[in-house]
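Trainee: The structure's right below; bear with me while I get my questions together.
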Amino acid sequence: DRAAAAIGIDPIELRKRNLIRDGQSTATGQVITDGTDRLDLIERALAEARWDERRVEHDAFNVSHPYLRRGLGLATFHHGAGFTGSGEMVLGSQLDVAGLPDGRVEVRSANIEMGQGTLTIFTKIAADRLGFSADDVVIAEPDTGIVPNSGPTVASRTAMVVGKLIENACDVLRHRIAAGDARGESLRNAIIAWYIAHPGEEPIGRATYEPPPGIHWDETRYRGDAYAAYGWASYVAEVEVDLRTCVARVTDFVAVQDVGTVLHDTLARGQIQGGVVQGIGWALLEECVLEEGAMQNHQLTNYIIPTSDDVPPIRVFFVENPWPGGPQGAKGLGELPLDGAAPAIVNAVARATGADPCEIPLTP
């Protein structure tokens with residue numbers, strides 16, 4: 001927005017001119033070919049926020065009201081999924097899917113559930129791949145004594161990278177028990193038959209990470225494909241600023257996301273809404289007070305985070321563009337929502353007040 005103001009063009013137009021197109025490369029020389037319509041993400045966000053209409057309304061309101069000011073702000077952004085560069089290759093993550101004596105399967109992964117929905121997603125991926133019901137899939141405890149090292153639960157990689165390992169391990173298990181293309185009840189019977197024919201021998205399908213075709217990274221020169229896949233998004237924040245107190249509050253929020261295929265709509269929306277709430281805290285409230293390297297406000301009584309009273313309606317919209325390297329076409333999601341909230345909010349505050357805020361949090 002500041003660059004657009006300096007050269008005298010509309011900030012949306014500046015973004016549209018600078019959006020990366022398929023066939024163009026990133027700063028590391030990675031050629032983007034994922035087919036995501038990044039212009040459509042902007043247009044969808046503007047439409048859902050009623051950008052033109054609301055800006056006219058805000059201009060009229062700001063002229064007439066003695067101390068309240070309203071504004072809209074836009075942010076466009078992307079986030080790589082999985083470990084950067086050769087990180088996933090170095091990890092060499094592995095995952096097992098084991099057949100159980102009663103015909104069910106057990107997914108053995110080191111990745112943990114911490115409220116983001118891993119257990120649900122892993123169950124769905126395995127069940128869909130094998131034609132099973134969710135009740136036919138067991139997720140093992142992430143005890144390192146019984147599960148292989150599938151890597152840490154970080155880097156927006158759990159659904160995308162580890163979920164793909166689940167699909168591959170399911171395929172290996174099916175091949176191991178010579179079940180061909182069997183699915184559902186036929187596959188369950190094949191697993192049970194395995195135990196009859198091989199008493200005490202557990203059928204296991206193990207998958208090891210391999211980079212998607214065409215992904216290459218030069219660790220020495222830091223050139224090439226920094227990430228196997230990127231999520232893309234456009235956010236619009238609407239704010240109201242009280243000139244008496246200098247308090248800004250977010251009154252509406254639109255998030256338009258491309259995360260490949262949405263594996264579970266409710267969980268995906270929840271992750272985005274949670275990330276936006278964190279972004280609101282980052283933008284307006286969460287100020288770290290440091291003294292000689294030590295944080296002075298490290299308690300919930302003096303480190304202010306958003307409460308339900310600070311959260312506006314967060315309207316989430318998905319533009320699905322399946323990516324073949326992820327399970328059912330899914331890409332990473334977890335970190336993406338935090339990236340866009342603060343810049344959208346700051347742009348909205350600048351629009352509302354005419355101020356030029358250059359750092360966050362924008363406390364009074």
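In the structure tokens, chains take the letters A, B, ... in the order shown, each chain's residues start at 1, and ligands count up from 1 in the order shown.
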Write out as a PyMOL selection string each polymer residue whose atoms come within 12 Å of Tyr227 of chain A, counting only C-alpha atoms; drop sequence neighbours fewer than 5 positions from it.
Mentor: chain A and resi 26+28-32+78-89+155-157+161+211-212+214-217+222+325+331-332
Trainee: Got a sec: who's within 10 Å of Cys288 of chain A, counting only C-alpha atoms, leaving out chain neighbours fewer than 4 positions off, as a list of chain:residue names?
Mentor: A:Ala294, A:Met295, A:Gln296, A:Asn297, A:His298, A:Asn302, A:Tyr303, A:Ile304, A:Pro361
Trainee: Mind writing the picked residues with all heavy atoms as a PDB file, in the first residue's frame?
Mentor:
```pdb
ATOM      1  N   ALA A 294      15.287 -10.070  28.739  1.00  0.00           N
ATOM      2  CA  ALA A 294      14.279 -10.854  29.460  1.00  0.00           C
ATOM      3  C   ALA A 294      12.896 -10.241  29.253  1.00  0.00           C
ATOM      4  O   ALA A 294      12.738  -9.012  29.289  1.00  0.00           O
ATOM      5  CB  ALA A 294      14.603 -10.925  30.942  1.00  0.00           C
ATOM      6  N   MET A 295      11.918 -11.099  29.037  1.00  0.00           N
ATOM      7  CA  MET A 295      10.553 -10.620  28.845  1.00  0.00           C
ATOM      8  C   MET A 295       9.956 -10.239  30.195  1.00  0.00           C
ATOM      9  O   MET A 295       9.950 -11.032  31.151  1.00  0.00           O
ATOM     10  CB  MET A 295       9.715 -11.708  28.175  1.00  0.00           C
ATOM     11  CG  MET A 295       8.338 -11.255  27.760  1.00  0.00           C
ATOM     12  SD  MET A 295       7.506 -12.537  26.771  1.00  0.00           S
ATOM     13  CE  MET A 295       5.903 -11.791  26.571  1.00  0.00           C
ATOM     14  N   GLN A 296       9.448  -9.018  30.276  1.00  0.00           N
ATOM     15  CA  GLN A 296       8.926  -8.502  31.538  1.00  0.00           C
ATOM     16  C   GLN A 296       7.433  -8.776  31.724  1.00  0.00           C
ATOM     17  O   GLN A 296       6.952  -8.798  32.859  1.00  0.00           O
ATOM     18  CB  GLN A 296       9.182  -6.991  31.613  1.00  0.00           C
ATOM     19  CG  GLN A 296      10.650  -6.610  31.547  1.00  0.00           C
ATOM     20  CD  GLN A 296      11.456  -7.252  32.667  1.00  0.00           C
ATOM     21  OE1 GLN A 296      11.189  -7.031  33.849  1.00  0.00           O
ATOM     22  NE2 GLN A 296      12.443  -8.062  32.285  1.00  0.00           N
ATOM     23  N   ASN A 297       6.711  -8.949  30.646  1.00  0.00           N
ATOM     24  CA  ASN A 297       5.254  -9.173  30.764  1.00  0.00           C
ATOM     25  C   ASN A 297       4.904 -10.584  30.306  1.00  0.00           C
ATOM     26  O   ASN A 297       4.208 -10.799  29.329  1.00  0.00           O
ATOM     27  CB  ASN A 297       4.484  -8.125  29.961  1.00  0.00           C
ATOM     28  CG  ASN A 297       4.840  -8.124  28.484  1.00  0.00           C
ATOM     29  OD1 ASN A 297       5.963  -8.441  28.110  1.00  0.00           O
ATOM     30  ND2 ASN A 297       3.878  -7.781  27.645  1.00  0.00           N
ATOM     31  N   HIS A 298       5.375 -11.565  31.051  1.00  0.00           N
ATOM     32  CA  HIS A 298       5.243 -12.957  30.647  1.00  0.00           C
ATOM     33  C   HIS A 298       4.103 -13.681  31.353  1.00  0.00           C
ATOM     34  O   HIS A 298       4.116 -14.904  31.507  1.00  0.00           O
ATOM     35  CB  HIS A 298       6.549 -13.713  30.889  1.00  0.00           C
ATOM     36  CG  HIS A 298       7.096 -13.554  32.273  1.00  0.00           C
ATOM     37  ND1 HIS A 298       6.521 -14.144  33.372  1.00  0.00           N
ATOM     38  CD2 HIS A 298       8.152 -12.855  32.735  1.00  0.00           C
ATOM     39  CE1 HIS A 298       7.205 -13.838  34.455  1.00  0.00           C
ATOM     40  NE2 HIS A 298       8.204 -13.046  34.097  1.00  0.00           N
ATOM     41  N   ASN A 302      -0.548  -9.510  32.205  1.00  0.00           N
ATOM     42  CA  ASN A 302       0.063  -8.327  31.586  1.00  0.00           C
ATOM     43  C   ASN A 302       0.519  -8.549  30.144  1.00  0.00           C
ATOM     44  O   ASN A 302       1.080  -7.647  29.525  1.00  0.00           O
ATOM     45  CB  ASN A 302       1.244  -7.812  32.435  1.00  0.00           C
ATOM     46  CG  ASN A 302       2.262  -8.885  32.760  1.00  0.00           C
ATOM     47  OD1 ASN A 302       2.315  -9.927  32.099  1.00  0.00           O
ATOM     48  ND2 ASN A 302       3.065  -8.643  33.781  1.00  0.00           N
ATOM     49  N   TYR A 303       0.303  -9.736  29.608  1.00  0.00           N
ATOM     50  CA  TYR A 303       0.523  -9.986  28.184  1.00  0.00           C
ATOM     51  C   TYR A 303      -0.858 -10.192  27.573  1.00  0.00           C
ATOM     52  O   TYR A 303      -1.531 -11.196  27.845  1.00  0.00           O
ATOM     53  CB  TYR A 303       1.400 -11.220  27.957  1.00  0.00           C
ATOM     54  CG  TYR A 303       1.716 -11.460  26.496  1.00  0.00           C
ATOM     55  CD1 TYR A 303       2.765 -10.791  25.882  1.00  0.00           C
ATOM     56  CD2 TYR A 303       0.956 -12.331  25.727  1.00  0.00           C
ATOM     57  CE1 TYR A 303       3.057 -10.991  24.533  1.00  0.00           C
ATOM     58  CE2 TYR A 303       1.225 -12.540  24.381  1.00  0.00           C
ATOM     59  CZ  TYR A 303       2.288 -11.864  23.793  1.00  0.00           C
ATOM     60  OH  TYR A 303       2.570 -12.050  22.470  1.00  0.00           O
ATOM     61  N   ILE A 304      -1.287  -9.262  26.773  1.00  0.00           N
ATOM     62  CA  ILE A 304      -2.681  -9.223  26.335  1.00  0.00           C
ATOM     63  C   ILE A 304      -2.853 -10.008  25.043  1.00  0.00           C
ATOM     64  O   ILE A 304      -2.190  -9.739  24.035  1.00  0.00           O
ATOM     65  CB  ILE A 304      -3.134  -7.763  26.124  1.00  0.00           C
ATOM     66  CG1 ILE A 304      -2.824  -6.919  27.369  1.00  0.00           C
ATOM     67  CG2 ILE A 304      -4.622  -7.723  25.801  1.00  0.00           C
ATOM     68  CD1 ILE A 304      -3.435  -7.456  28.646  1.00  0.00           C
ATOM     69  N   PRO A 361       2.927  -4.471  17.477  1.00  0.00           N
ATOM     70  CA  PRO A 361       1.477  -4.272  17.466  1.00  0.00           C
ATOM     71  C   PRO A 361       1.080  -2.800  17.488  1.00  0.00           C
ATOM     72  O   PRO A 361       1.797  -1.966  18.040  1.00  0.00           O
ATOM     73  CB  PRO A 361       1.034  -4.982  18.748  1.00  0.00           C
ATOM     74  CG  PRO A 361       2.210  -4.833  19.672  1.00  0.00           C
ATOM     75  CD  PRO A 361       3.415  -4.946  18.786  1.00  0.00           C
TER      76      PRO A 361
END
```
Trainee: Let me make sure I understand: among A:Ala182, A:Leu338, A:Ile191, A:Met114, which one has the smallest atom-to-atom distance to Ala255 of chain A if we use only C-alpha atoms?
Mentor: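 Once distances to Ala255 of chain A are computed over only C-alpha atoms, the minimum belongs to A:Leu338.
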Trainee: Quote the spacing between atom CA of Glu219 of chain A and atom CA of Arg38 of chain A in Å to one decimal place.
Mentor: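 Computing the Euclidean distance for atom CA of Glu219 of chain A and atom CA of Arg38 of chain A yields 28.8 Å.
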Trainee: Please identify which residues in segment 181-363 of chain A DSSP calls helix (DSSP H, G or I) from the backbone, and express them as a PyMOL selection string.
Mentor: chain A and resi 184-197+265-284+308-310+327-329+336-353
Trainee: Those same residues - C-alpha atoms - I'd like them written as a CSV table (one decimal), in the first residue's frame.
Mentor:
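What ended up in out16.csv:
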```
chain,number,residue,atom,x,y,z
A,184,GLY,CA,-13.4,-52.4,1.8
A,185,GLU,CA,-14.7,-55.7,2.9
A,186,SER,CA,-12.6,-57.6,0.4
A,187,LEU,CA,-9.5,-56.0,1.8
A,188,ARG,CA,-10.5,-56.7,5.4
A,189,ASN,CA,-11.0,-60.4,4.5
A,190,ALA,CA,-7.6,-60.4,2.8
A,191,ILE,CA,-5.9,-59.0,6.0
A,192,ILE,CA,-7.7,-61.6,8.1
A,193,ALA,CA,-6.6,-64.4,5.7
A,194,TRP,CA,-3.0,-63.2,6.0
A,195,TYR,CA,-3.0,-63.9,9.7
A,196,ILE,CA,-4.4,-67.4,9.1
A,197,ALA,CA,-1.7,-68.1,6.5
A,265,ASP,CA,-14.1,-28.4,5.8
A,266,THR,CA,-14.8,-27.8,9.5
A,267,LEU,CA,-11.2,-28.4,10.6
A,268,ALA,CA,-9.8,-26.4,7.8
A,269,ARG,CA,-12.0,-23.4,8.6
A,270,GLY,CA,-11.2,-23.8,12.3
A,271,GLN,CA,-7.4,-23.6,11.6
A,272,ILE,CA,-7.9,-20.5,9.5
A,273,GLN,CA,-10.1,-18.8,12.0
A,274,GLY,CA,-7.7,-19.6,14.8
A,275,GLY,CA,-4.7,-18.3,12.8
A,276,VAL,CA,-6.5,-15.1,12.0
A,277,VAL,CA,-7.3,-14.6,15.7
A,278,GLN,CA,-3.6,-15.1,16.5
A,279,GLY,CA,-2.9,-12.5,13.7
A,280,ILE,CA,-5.3,-10.0,15.4
A,281,GLY,CA,-3.3,-10.4,18.6
A,282,TRP,CA,0.0,-9.9,16.7
A,283,ALA,CA,-1.4,-6.9,14.9
A,284,LEU,CA,-3.1,-5.0,17.8
A,308,SER,CA,-13.9,-13.6,22.2
A,309,ASP,CA,-14.8,-9.9,22.5
A,310,ASP,CA,-11.9,-9.0,20.2
A,327,PRO,CA,-3.1,-36.7,-0.2
A,328,GLN,CA,-6.2,-36.3,-2.3
A,329,GLY,CA,-4.6,-33.1,-3.6
A,336,LEU,CA,-0.6,-19.9,6.4
A,337,PRO,CA,-3.5,-18.0,8.2
A,338,LEU,CA,-1.1,-16.1,10.5
A,339,ASP,CA,0.8,-14.5,7.6
A,340,GLY,CA,-2.0,-12.3,6.2
A,341,ALA,CA,-4.0,-11.0,9.2
A,342,ALA,CA,-1.6,-8.3,10.5
A,343,PRO,CA,-0.8,-6.7,7.2
A,344,ALA,CA,-4.5,-6.5,6.2
A,345,ILE,CA,-5.3,-5.0,9.6
A,346,VAL,CA,-2.5,-2.4,9.4
A,347,ASN,CA,-3.5,-1.4,5.9
A,348,ALA,CA,-7.1,-1.0,7.2
A,349,VAL,CA,-6.0,1.2,10.1
A,350,ALA,CA,-3.9,3.3,7.7
A,351,ARG,CA,-6.9,3.7,5.3
A,352,ALA,CA,-9.2,4.6,8.2
A,353,THR,CA,-7.0,7.2,9.9
```
